[in-house]
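Shown next: final15.txt, containing compact mmCIF, C-alpha atoms.
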# COMPACT_ATOMS: atom_id res chain seq x y z
CA MET A 146 -64.93 -51.44 115.63
CA PRO A 147 -64.11 -54.83 117.27
CA LEU A 148 -65.10 -57.78 115.10
CA THR A 149 -67.55 -59.17 117.67
CA ASP A 150 -69.39 -55.83 117.82
CA PHE A 151 -69.49 -55.68 114.02
CA ILE A 152 -70.97 -59.18 113.76
CA ASN A 153 -73.56 -58.41 116.43
CA LYS A 154 -74.50 -55.19 114.63
CA MET A 155 -74.84 -56.93 111.27
CA SER A 156 -76.75 -60.00 112.51
CA PRO A 157 -80.21 -58.32 112.53
CA ILE A 158 -79.63 -57.06 108.98
CA ILE A 159 -78.89 -60.41 107.37
CA ASP A 160 -81.44 -63.22 107.29
CA LYS A 161 -79.41 -65.51 109.58
CA PRO A 162 -77.22 -64.90 112.63
CA TRP A 163 -73.59 -65.04 111.51
CA ALA A 164 -72.72 -67.81 113.99
CA ALA A 165 -74.61 -70.96 114.94
CA ALA A 166 -74.89 -70.06 118.64
CA THR A 167 -74.89 -66.93 120.78
CA ASP A 168 -72.55 -66.25 123.69
CA GLU A 169 -75.43 -67.02 126.02
CA GLN A 170 -75.99 -70.41 124.38
CA VAL A 171 -72.28 -71.15 124.63
CA SER A 172 -72.52 -70.33 128.32
CA SER A 173 -75.52 -72.57 128.97
CA TYR A 174 -75.19 -75.55 126.59
CA LYS A 175 -76.40 -78.94 127.82
CA CYS A 176 -74.28 -81.71 129.28
CA GLN A 177 -71.47 -79.39 130.31
CA LYS A 178 -68.38 -80.71 132.01
CA VAL A 179 -66.56 -78.61 134.56
CA GLY A 180 -63.05 -77.66 133.54
CA LEU A 181 -60.12 -78.64 135.70
CA THR A 182 -58.17 -76.13 137.73
CA ASN A 183 -54.43 -75.99 137.14
CA LYS A 184 -53.92 -77.93 140.36
CA GLU A 185 -56.29 -80.64 139.12
CA MET A 186 -54.55 -80.69 135.73
CA GLU A 187 -51.25 -81.15 137.52
CA GLU A 188 -52.66 -84.05 139.52
CA TYR A 189 -53.97 -85.59 136.27
CA LEU A 190 -50.51 -85.27 134.70
CA GLU A 191 -48.73 -86.72 137.73
CA ASN A 192 -50.68 -89.95 137.17
CA SER A 193 -49.67 -90.18 133.51
CA THR A 194 -47.22 -92.79 132.27
CA THR A 195 -46.51 -91.01 128.97
CA LEU A 196 -45.56 -87.54 130.22
CA ASN A 197 -42.00 -87.88 128.92
CA LEU A 198 -43.32 -88.50 125.41
CA SER A 199 -45.69 -85.54 125.63
CA LEU A 200 -42.97 -83.15 126.81
CA ASP A 201 -40.68 -84.39 124.04
CA LEU A 202 -43.33 -83.44 121.47
CA LEU A 203 -43.56 -79.95 123.00
CA ILE A 204 -39.84 -79.19 123.01
CA ASN A 205 -38.13 -81.42 120.45
CA LYS A 206 -38.78 -82.14 116.79
CA GLU A 207 -36.93 -84.82 114.87
CA GLU A 208 -35.22 -84.06 111.59
CA THR A 209 -37.13 -84.95 108.43
CA LEU A 210 -36.18 -84.89 104.76
CA LEU A 211 -37.68 -81.41 104.52
CA LYS A 212 -37.11 -79.85 107.93
CA PRO A 213 -34.15 -79.69 110.33
CA ALA A 214 -34.43 -81.03 113.86
CA ILE A 215 -35.51 -78.70 116.66
CA ARG A 216 -33.90 -79.57 119.99
CA THR A 217 -34.64 -77.27 122.91
CA ASP A 218 -31.67 -76.43 125.13
CA LEU A 219 -32.84 -77.01 128.71
CA THR A 220 -30.02 -74.89 130.11
CA ALA A 221 -31.44 -71.83 128.33
CA TYR A 222 -34.49 -72.15 130.59
CA GLN A 223 -32.59 -73.32 133.69
CA ALA A 224 -34.49 -76.58 133.41
CA GLN A 225 -31.51 -78.93 133.24
CA ASN A 226 -31.72 -79.81 136.93
CA CYS A 227 -35.44 -80.62 136.92
CA LYS A 228 -36.24 -84.13 138.10
CA ASP A 229 -39.55 -84.48 136.23
CA GLU A 230 -41.38 -83.33 133.10
CA LEU A 231 -43.76 -81.00 134.94
CA CYS A 232 -40.86 -79.04 136.35
CA LYS A 233 -39.26 -78.77 132.91
CA ALA A 234 -42.53 -77.66 131.30
CA LYS A 235 -43.04 -74.95 133.91
CA LYS A 236 -39.50 -73.65 133.48
CA ILE A 237 -39.78 -73.58 129.67
CA PHE A 238 -43.35 -72.38 129.15
CA GLY A 239 -44.28 -70.77 132.48
CA GLU A 240 -45.89 -71.97 135.71
CA THR A 241 -49.44 -71.87 134.31
CA GLN A 242 -48.82 -72.52 130.62
CA GLY A 243 -46.47 -75.44 131.24
CA ILE A 244 -49.24 -77.35 133.01
CA GLU A 245 -51.88 -76.37 130.45
CA LEU A 246 -49.77 -77.26 127.41
CA LEU A 247 -48.81 -80.64 128.87
CA TYR A 248 -52.47 -81.28 129.71
CA MET A 249 -53.61 -80.33 126.20
CA ILE A 250 -51.24 -82.73 124.48
CA GLU A 251 -51.85 -85.53 127.01
CA LYS A 252 -55.64 -85.22 127.05
CA TYR A 253 -56.46 -83.97 123.55
CA GLY A 254 -53.37 -84.66 121.43
CA LEU A 255 -53.02 -80.92 120.69
CA ASN A 256 -49.57 -79.33 120.57
CA GLY A 257 -49.56 -75.65 121.54
CA SER A 258 -45.79 -75.22 121.63
CA HIS A 259 -44.28 -72.13 120.00
CA LEU A 260 -40.91 -73.88 120.04
CA ILE A 261 -41.90 -76.46 117.42
CA PHE A 262 -44.10 -74.64 114.90
CA GLU A 263 -42.96 -71.72 112.77
CA ASN A 264 -44.47 -68.23 113.04
CA THR A 265 -46.06 -68.90 116.40
CA LYS A 266 -45.70 -67.18 119.76
CA PRO A 267 -45.93 -68.28 123.40
CA TRP A 268 -49.28 -68.48 125.11
CA THR A 269 -49.38 -65.98 127.96
CA SER A 270 -50.70 -66.70 131.45
CA GLU A 271 -54.51 -67.12 131.49
CA MET A 272 -54.71 -66.77 127.67
CA LEU A 273 -55.52 -70.43 127.15
CA LYS A 274 -58.55 -70.49 129.46
CA PRO A 275 -61.33 -69.79 126.86
CA TYR A 276 -59.63 -72.14 124.38
CA LEU A 277 -59.61 -74.90 126.98
CA GLU A 278 -63.32 -74.24 127.54
CA GLY A 279 -63.84 -74.98 123.85
CA LEU A 280 -61.94 -78.25 124.18
CA ILE A 281 -63.94 -79.28 127.23
CA ALA A 282 -67.12 -78.95 125.16
CA VAL A 283 -65.80 -81.51 122.64
CA PRO A 284 -67.22 -84.98 123.44
CA GLU A 285 -64.56 -87.04 125.19
CA PHE A 286 -64.60 -89.78 122.58
CA MET A 287 -63.49 -87.44 119.76
CA LEU A 288 -60.02 -86.46 120.96
CA PRO A 289 -57.24 -87.27 120.54
CA ILE A 290 -57.33 -88.16 116.86
CA LYS A 291 -53.57 -88.05 116.54
CA LYS A 292 -51.04 -87.26 119.25
CA ASN A 293 -49.44 -84.17 117.77
CA GLN A 294 -51.98 -81.86 116.09
CA GLN A 295 -50.91 -78.21 116.03
CA PHE A 296 -52.89 -75.77 118.21
CA THR A 297 -51.04 -72.46 118.30
CA LYS A 298 -51.19 -68.66 118.45
CA SER A 299 -49.69 -66.97 115.40
CA SER A 300 -46.93 -64.39 115.63
CA ILE A 301 -47.91 -62.99 112.21
CA GLU A 302 -49.66 -59.62 112.29
CA SER A 303 -53.10 -60.35 110.87
CA ASP A 304 -56.77 -59.58 111.41
CA ASP A 305 -57.65 -63.15 110.41
CA ILE A 306 -59.21 -65.43 113.00
CA ALA A 307 -57.90 -68.98 112.46
CA ASP A 308 -56.82 -71.41 109.75
CA ALA A 309 -56.58 -75.08 108.89
CA SER A 310 -53.49 -75.73 111.00
CA ILE A 311 -55.56 -74.78 114.06
CA THR A 312 -53.58 -71.60 114.44
CA PHE A 313 -55.32 -68.55 115.88
CA TYR A 314 -54.56 -65.03 114.65
CA GLY A 315 -54.89 -61.51 115.99
CA GLY A 316 -58.49 -61.09 114.90
CA ILE A 317 -59.64 -63.45 117.63
CA ASP A 318 -58.32 -61.09 120.30
CA ASP A 319 -61.35 -58.85 119.69
CA PHE A 320 -63.70 -61.71 120.53
CA SER A 321 -65.46 -62.21 123.83
CA GLN A 322 -64.33 -65.13 125.99
CA LYS A 323 -67.36 -67.18 124.91
CA ARG A 324 -66.80 -66.36 121.25
CA ILE A 325 -63.23 -67.66 121.57
CA THR A 326 -64.65 -70.83 123.12
CA TYR A 327 -67.11 -71.11 120.22
CA THR A 328 -64.38 -70.54 117.63
CA THR A 329 -62.14 -73.15 119.25
CA PHE A 330 -64.93 -75.70 118.99
CA HIS A 331 -65.61 -74.64 115.38
CA GLU A 332 -61.98 -75.30 114.43
CA ILE A 333 -61.99 -78.67 116.19
CA ALA A 334 -65.22 -79.43 114.30
CA HIS A 335 -63.32 -78.93 111.03
CA TYR A 336 -60.57 -81.23 112.31
CA VAL A 337 -63.00 -83.97 113.37
CA ALA A 338 -65.11 -83.72 110.20
CA GLY A 339 -61.99 -83.83 108.04
CA SER A 340 -60.73 -86.91 109.87
CA LEU A 341 -64.09 -88.58 109.22
CA HIS A 342 -64.06 -87.38 105.58
CA VAL A 343 -67.54 -85.96 106.01
CA GLU A 344 -66.95 -83.42 103.24
CA HIS A 345 -66.68 -86.19 100.63
CA ASP A 346 -69.62 -88.21 101.89
CA GLU A 347 -72.51 -88.09 99.45
CA LYS A 348 -74.88 -88.80 102.34
CA TRP A 349 -73.82 -85.47 103.87
CA MET A 350 -74.39 -83.68 100.57
CA LEU A 351 -77.84 -85.20 100.34
CA ALA A 352 -78.68 -84.31 103.95
CA SER A 353 -77.42 -80.74 103.60
CA GLY A 354 -78.68 -79.99 100.09
CA TRP A 355 -75.39 -79.05 98.45
CA GLU A 356 -74.94 -79.85 94.76
CA ASP A 357 -72.66 -78.98 91.89
CA ASP A 358 -73.29 -75.63 90.23
CA PRO A 359 -72.64 -75.98 86.47
CA SER A 360 -72.44 -72.19 86.07
CA LYS A 361 -69.32 -72.09 88.23
CA LYS A 362 -67.53 -74.77 86.25
CA THR A 363 -66.74 -72.26 83.52
CA VAL A 364 -64.32 -70.35 85.76
CA ASP A 365 -60.71 -71.18 84.91
CA PHE A 366 -58.93 -72.37 88.05
CA SER A 367 -55.37 -73.46 87.54
CA THR A 368 -53.77 -75.56 90.24
CA PRO A 369 -50.83 -73.59 91.66
CA THR A 370 -47.33 -74.95 91.28
CA MET A 371 -46.49 -76.90 94.39
CA ASN A 372 -43.20 -76.19 96.11
CA PHE A 373 -42.33 -79.53 97.63
CA THR A 374 -39.23 -78.16 99.35
CA SER A 375 -41.01 -75.76 101.67
CA LEU A 376 -44.41 -77.47 101.48
CA THR A 377 -46.07 -74.11 100.99
CA VAL A 378 -47.45 -72.20 98.05
CA GLU A 379 -48.90 -68.70 98.30
CA PRO A 380 -50.23 -67.40 101.61
CA ILE A 381 -53.93 -67.72 102.30
CA THR A 382 -56.11 -64.70 101.67
CA SER A 383 -59.14 -64.84 103.91
CA SER A 384 -62.07 -62.67 104.83
CA SER A 385 -61.82 -60.65 108.03
CA LEU A 386 -65.03 -62.38 109.09
CA SER A 387 -63.64 -65.85 108.57
CA ILE A 388 -63.71 -68.10 111.62
CA GLY A 389 -61.58 -70.65 109.81
CA LEU A 390 -61.72 -72.39 106.47
CA THR A 391 -60.57 -75.96 106.64
CA GLY A 392 -60.65 -79.04 104.49
CA GLN A 393 -59.09 -82.41 105.17
CA THR A 394 -57.28 -84.24 102.45
CA SER A 395 -57.31 -87.96 101.92
CA GLY A 396 -53.74 -88.13 103.19
CA SER A 397 -52.18 -87.23 106.50
CA PHE A 398 -52.08 -83.45 106.26
CA PRO A 399 -54.78 -80.79 106.31
CA LEU A 400 -55.24 -78.60 103.25
CA SER A 401 -56.35 -75.02 103.74
CA LEU A 402 -57.93 -73.13 100.87
CA SER A 403 -59.35 -69.67 100.52
CA SER A 404 -60.28 -67.26 97.75
CA SER A 405 -60.26 -63.51 97.63
CA GLN A 406 -62.78 -61.46 95.65
CA ASN A 407 -61.05 -62.68 92.52
CA PRO A 408 -61.69 -66.45 92.44
CA SER A 409 -58.76 -67.04 90.11
CA SER A 410 -56.42 -66.25 93.01
CA LEU A 411 -57.24 -69.54 94.71
CA THR A 412 -54.18 -70.60 96.67
CA THR A 413 -53.11 -73.42 98.91
CA SER A 414 -51.01 -73.78 102.01
CA LEU A 415 -49.84 -77.12 103.33
CA VAL A 416 -49.66 -76.72 107.04
CA THR A 417 -47.70 -79.71 108.27
CA THR A 418 -44.71 -81.74 107.15
CA GLU A 419 -46.55 -85.06 107.38
CA PHE A 420 -46.44 -85.72 103.66
CA ASP A 421 -47.17 -89.04 102.04
CA LEU A 422 -49.20 -88.21 98.93
CA SER A 423 -47.90 -88.29 95.38
CA ALA A 424 -48.20 -85.17 93.20
CA ASP A 425 -51.22 -86.68 91.41
CA GLU A 426 -52.93 -87.49 94.71
CA LEU A 427 -52.19 -84.00 96.01
CA GLU A 428 -53.69 -82.40 92.91
CA GLU A 429 -56.76 -84.64 93.16
CA SER A 430 -57.23 -83.62 96.79
CA PHE A 431 -56.79 -79.95 95.89
CA ASN A 432 -59.40 -80.20 93.16
CA LYS A 433 -61.88 -81.96 95.46
CA THR A 434 -61.55 -79.21 98.03
CA LYS A 435 -61.73 -76.50 95.36
CA ARG A 436 -65.01 -78.02 94.20
CA LEU A 437 -66.41 -77.82 97.72
CA LEU A 438 -65.34 -74.22 98.16
CA LEU A 439 -66.16 -72.67 94.82
CA GLU A 440 -68.20 -74.94 92.57
CA MET A 441 -71.29 -75.82 94.57
CA LYS A 442 -74.65 -74.31 95.40
CA ASN A 443 -77.44 -74.80 97.90
CA ASP A 444 -80.87 -73.35 97.18
CA ASP A 445 -82.38 -74.41 100.51
CA THR A 446 -81.27 -71.27 102.35
CA GLU A 447 -83.82 -71.66 105.13
CA SER A 448 -82.17 -74.84 106.41
CA PHE A 449 -78.82 -73.23 107.27
CA ILE A 450 -78.03 -72.80 110.94
CA SER A 451 -76.06 -69.59 110.36
CA GLY A 452 -75.00 -67.02 107.82
CA TYR A 453 -71.46 -68.39 107.92
CA ALA A 454 -72.70 -71.90 107.13
CA LYS A 455 -73.90 -70.62 103.77
CA THR A 456 -70.31 -69.88 102.71
CA ASN A 457 -69.57 -73.39 101.41
CA PRO A 458 -70.09 -77.05 102.37
CA LEU A 459 -67.01 -77.10 104.61
CA GLU A 460 -68.23 -74.22 106.75
CA ASP A 461 -71.72 -75.70 106.74
CA ILE A 462 -70.25 -78.89 108.22
CA ALA A 463 -68.29 -77.08 110.94
CA GLU A 464 -71.15 -74.75 111.85
CA SER A 465 -73.63 -77.62 111.96
CA ILE A 466 -71.36 -79.69 114.22
CA THR A 467 -70.89 -76.64 116.46
CA ALA A 468 -74.65 -76.08 116.55
CA TYR A 469 -75.20 -79.75 117.43
CA ARG A 470 -73.26 -79.07 120.63
CA PHE A 471 -74.28 -75.49 121.50
CA ASN A 472 -77.65 -75.02 119.78
CA PRO A 473 -79.00 -78.50 118.97
CA LYS A 474 -82.72 -77.78 119.17
CA LYS A 475 -82.44 -75.05 116.54
CA LEU A 476 -80.36 -77.27 114.26
CA LYS A 477 -82.89 -80.09 114.54
CA GLU A 478 -85.74 -77.66 113.84
CA LEU A 479 -84.11 -76.07 110.79
CA SER A 480 -82.56 -79.20 109.32
CA PRO A 481 -83.58 -82.56 110.77
CA GLU A 482 -81.61 -84.20 107.94
CA ARG A 483 -78.34 -82.55 108.99
CA TYR A 484 -79.08 -83.31 112.62
CA LYS A 485 -79.70 -87.00 111.99
CA TYR A 486 -76.59 -87.34 109.82
CA LEU A 487 -74.38 -85.76 112.49
CA LYS A 488 -75.98 -87.82 115.23
CA ASP A 489 -75.24 -91.07 113.40
CA ARG A 490 -71.93 -90.27 111.69
CA VAL A 491 -70.10 -87.80 113.95
CA PHE A 492 -71.59 -87.99 117.45
CA MET A 493 -72.00 -91.77 117.62
CA GLY A 494 -75.67 -91.47 118.60
CA VAL A 495 -75.06 -89.12 121.55
CA GLU A 496 -77.46 -86.14 121.80
CA TYR A 497 -77.35 -82.91 123.81
CA LEU A 498 -80.94 -81.69 123.75
CA SER A 499 -81.33 -81.74 127.54
CA ASP A 500 -79.27 -82.38 130.63
CA THR A 501 -81.41 -85.40 131.44
CA GLN A 502 -80.55 -86.96 128.08
CA CYS A 503 -76.77 -86.99 128.53
CA GLU A 504 -75.07 -90.34 128.42
CA ASP A 505 -71.50 -91.39 129.07
CA ALA A 506 -69.91 -90.08 125.90
CA ALA A 507 -66.56 -91.59 126.88
CA SER A 508 -68.05 -95.04 126.28
CA LYS A 509 -68.24 -94.19 122.58
CA ARG A 510 -64.47 -93.87 122.24
CA GLN A 511 -63.83 -97.26 120.67
CA GLN A 512 -66.75 -96.82 118.28
CA PHE A 513 -65.37 -93.46 117.15
CA ILE A 514 -61.83 -94.82 116.74
CA ASP A 515 -63.15 -97.70 114.65
CA VAL A 516 -64.90 -95.27 112.29
CA ILE A 517 -61.78 -93.09 112.03
CA LYS A 518 -59.66 -96.13 111.21
CA VAL A 519 -62.06 -97.28 108.50
CA VAL A 520 -62.13 -93.95 106.68
CA ASN A 521 -58.37 -93.38 107.08
CA TYR A 522 -57.36 -96.99 106.45
CA SER A 523 -54.08 -97.17 108.37
CA ILE A 524 -54.29 -94.25 110.78
CA SER A 525 -52.68 -94.86 114.16
CA ILE A 526 -54.56 -93.58 117.21
CA THR A 527 -53.51 -93.94 120.83
Would you mind writing the file out in structure tokens?
Amino acid sequence: MPLTDFINKMSPIIDKPWAAATDEQVSSYKCQKVGLTNKEMEEYLENSTTLNLSLDLLINKEETLLKPAIRTDLTAYQAQNCKDELCKAKKIFGETQGIELLYMIEKYGLNGSHLIFENTKPWTSEMLKPYLEGLIAVPEFMLPIKKNQQFTKSSIESDDIADASITFYGGIDDFSQKRITYTTFHEIAHYVAGSLHVEHDEKWMLASGWEDDPSKKTVDFSTPTMNFTSLTVEPITSSSLSIGLTGQTSGSFPLSLSSSQNPSSLTTSLVTTEFDLSADELEESFNKTKRLLLEMKNDDTESFISGYAKTNPLEDIAESITAYRFNPKKLKELSPERYKYLKDRVFMGVEYLSDTQCEDAASKRQQFIDVIKVVNYSISIT
């Protein structure tokens, strides 16, 4: 049975819908912006002054202490005679995908290239459309956060949906177009919340009702041995119903955690080579995220926007942010405290309760960047 059908079948049985918004709500959310056609994207890119830098990020990766350089051979794609970056992108990635991938990294700072990231595969023609719809729903002031955030389709055979690197797996292929759009926004919500360090903000914990559960402190969790050569530990084990479990560390890389039915199997996977934390800082970040995932409780079950939000504080954050965009009236009704926190901290005061209430979200860009810089100290945003 496709995963979407299973979720829809189970929703009436559990006390909350699994997701924070239905396909219909995703189709009709307030303050929508119309997506660009490929021709319009191409016109947008033709006016860019940084297209050479964007293409370079899609096809070339500099050598680091831990990873060799990746330099794409243009002759292998018959792109050596191209006079501009758009031509090269089309030759390398395809007529449609070349435009879309360049647009994604120019507009949103998201790198969808299979040439740069391991265990990823090319996006096929038209595949990116529902994902782009999810990006369009993100308020303009929120992206980009950094210029080169991974956003890829995995080549690994898996029924999982997505993970902290913003990689999408085979399980998402069973989703409807609108559910893919929803899931894309959910993953970006993790990314944004992590960049704002919402998960470590005591004001969020107070607004959402999460607190430490002393009974769970007795479980023996041992931090896995970090392999600093490959920057990976054991692979993530995740539920087939998982939309994506993401935490953001206090450094420059995202940390993805998951537990199987046996909590002692908690594992980590570092999903980028941007690495500037010491071993002690890494362990501290791991323990903070482990606490959020496995050592907390929330007795106010009626205030959750979805069944998935009940999983842990991180999923509560992502689902609440997603509801703020696609189902805001319900979120405000169920949890005015969460709603107010997100309005002030994440959405810079912008609301989406009606089409008449929309304001120019782009004007909030500098305010958002200033907040990001404060919580990340020296982060560089362009």
Next on the checklist: Env of segment 163-167 of chain A: 7 Å cut, atoms = only C-alpha atoms, seq-sep filter 6 positions within chain, self excluded. Answer as a list in words.
Outcome noted: Ile152, Ser156, Ile450, Ser451, Gly452, Tyr453, Glu464, Thr467, Ala468, Phe471 and Asn472 of chain A
Next on the checklist: Report as a VMD selection string all protein, DNA and RNA residues lying within 9 Å of Ala507 of chain A, evaluated on only C-alpha atoms, omitting residues in the same chain fewer than 3 positions from it.
Outcome noted: chain A and resid 284 to 287 504 510 to 511
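If you measure from each of A:Tyr469, A:Gln225, A:Leu288, A:Gln295 to Phe513 of chain A using only C-alpha atoms, the closest one turns out to be A:Leu288.
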Next on the checklist: Just to confirm, what's the straight-line distance from atom CA of Met441 of chain A to atom CA of Trp355 of chain A in Å (one decimal)?
Outcome noted: 6.5 Å
Checklist entry - What is the atom CA of Gln512 of chain A to atom CA of Ile333 of chain A distance in Å? => result 18.9 Å
Next on the checklist: Using all atoms listed in the file, can you tell me which of A:His331, A:Lys361, A:Lys474, A:His342 comes closest to Asp461 of chain A?
Outcome noted: A:His331
Checklist entry - With only C-alpha atoms as the atoms that count, which of A:Asp500, A:Glu302, A:Glu271, A:Glu344 lies nearest to Gln242 of chain A? => result A:Glu271
Next on the checklist: Let me make sure I understand: among A:Cys232, A:Ile311, A:Leu246, A:Ile281, which one has the smallest atom-to-atom distance to Tyr174 of chain A if we use all atoms listed in the file?
Outcome noted: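 Nearest to Tyr174 of chain A: A:Ile281.
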Next on the checklist: What does the structure give for the distance between atom CA of Ile301 of chain A and atom CA of Ala214 of chain A, in Å to one decimal?
Outcome noted: 22.6 Å
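Proximity of A:Leu341, A:Asn457, A:Ala224, A:Glu187 to Asp358 of chain A, computed with all atoms listed in the file, is greatest for A:Asn457.
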Is there a way to complete segment 313-326 of chain A with N, CA and C atoms and then write that out as an mmCIF file, keeping the file's coordinate frame?
data_model
loop_
_atom_site.group_PDB
_atom_site.id
_atom_site.type_symbol
_atom_site.label_atom_id
_atom_site.label_comp_id
_atom_site.auth_asym_id
_atom_site.auth_seq_id
_atom_site.Cartn_x
_atom_site.Cartn_y
_atom_site.Cartn_z
ATOM 1 N N PHE A 313 -54.437 -69.683 115.635
ATOM 2 C CA PHE A 313 -55.320 -68.550 115.880
ATOM 3 C C PHE A 313 -54.550 -67.247 115.693
ATOM 4 N N TYR A 314 -55.198 -66.292 115.005
ATOM 5 C CA TYR A 314 -54.560 -65.030 114.650
ATOM 6 C C TYR A 314 -55.097 -63.868 115.479
ATOM 7 N N GLY A 315 -54.570 -62.684 115.195
ATOM 8 C CA GLY A 315 -54.890 -61.510 115.990
ATOM 9 C C GLY A 315 -56.347 -61.121 116.012
ATOM 10 N N GLY A 316 -57.089 -61.457 114.963
ATOM 11 C CA GLY A 316 -58.490 -61.090 114.900
ATOM 12 C C GLY A 316 -59.313 -61.677 116.029
ATOM 13 N N ILE A 317 -58.872 -62.806 116.563
ATOM 14 C CA ILE A 317 -59.640 -63.450 117.630
ATOM 15 C C ILE A 317 -59.520 -62.697 118.952
ATOM 16 N N ASP A 318 -58.523 -61.827 119.050
ATOM 17 C CA ASP A 318 -58.320 -61.090 120.300
ATOM 18 C C ASP A 318 -59.437 -60.087 120.558
ATOM 19 N N ASP A 319 -60.204 -59.741 119.522
ATOM 20 C CA ASP A 319 -61.350 -58.850 119.690
ATOM 21 C C ASP A 319 -62.603 -59.587 120.129
ATOM 22 N N PHE A 320 -62.526 -60.908 120.184
ATOM 23 C CA PHE A 320 -63.700 -61.710 120.530
ATOM 24 C C PHE A 320 -63.911 -61.740 122.041
ATOM 25 N N SER A 321 -65.159 -61.954 122.423
ATOM 26 C CA SER A 321 -65.460 -62.210 123.830
ATOM 27 C C SER A 321 -64.900 -63.567 124.213
ATOM 28 N N GLN A 322 -64.823 -63.839 125.514
ATOM 29 C CA GLN A 322 -64.330 -65.130 125.990
ATOM 30 C C GLN A 322 -65.157 -66.285 125.423
ATOM 31 N N LYS A 323 -66.481 -66.122 125.414
ATOM 32 C CA LYS A 323 -67.360 -67.180 124.910
ATOM 33 C C LYS A 323 -67.246 -67.347 123.402
ATOM 34 N N ARG A 324 -66.974 -66.246 122.695
ATOM 35 C CA ARG A 324 -66.800 -66.360 121.250
ATOM 36 C C ARG A 324 -65.498 -67.083 120.914
ATOM 37 N N ILE A 325 -64.474 -66.905 121.748
ATOM 38 C CA ILE A 325 -63.230 -67.660 121.570
ATOM 39 C C ILE A 325 -63.493 -69.151 121.801
ATOM 40 N N THR A 326 -64.270 -69.450 122.839
ATOM 41 C CA THR A 326 -64.650 -70.830 123.120
ATOM 42 C C THR A 326 -65.389 -71.438 121.931
#
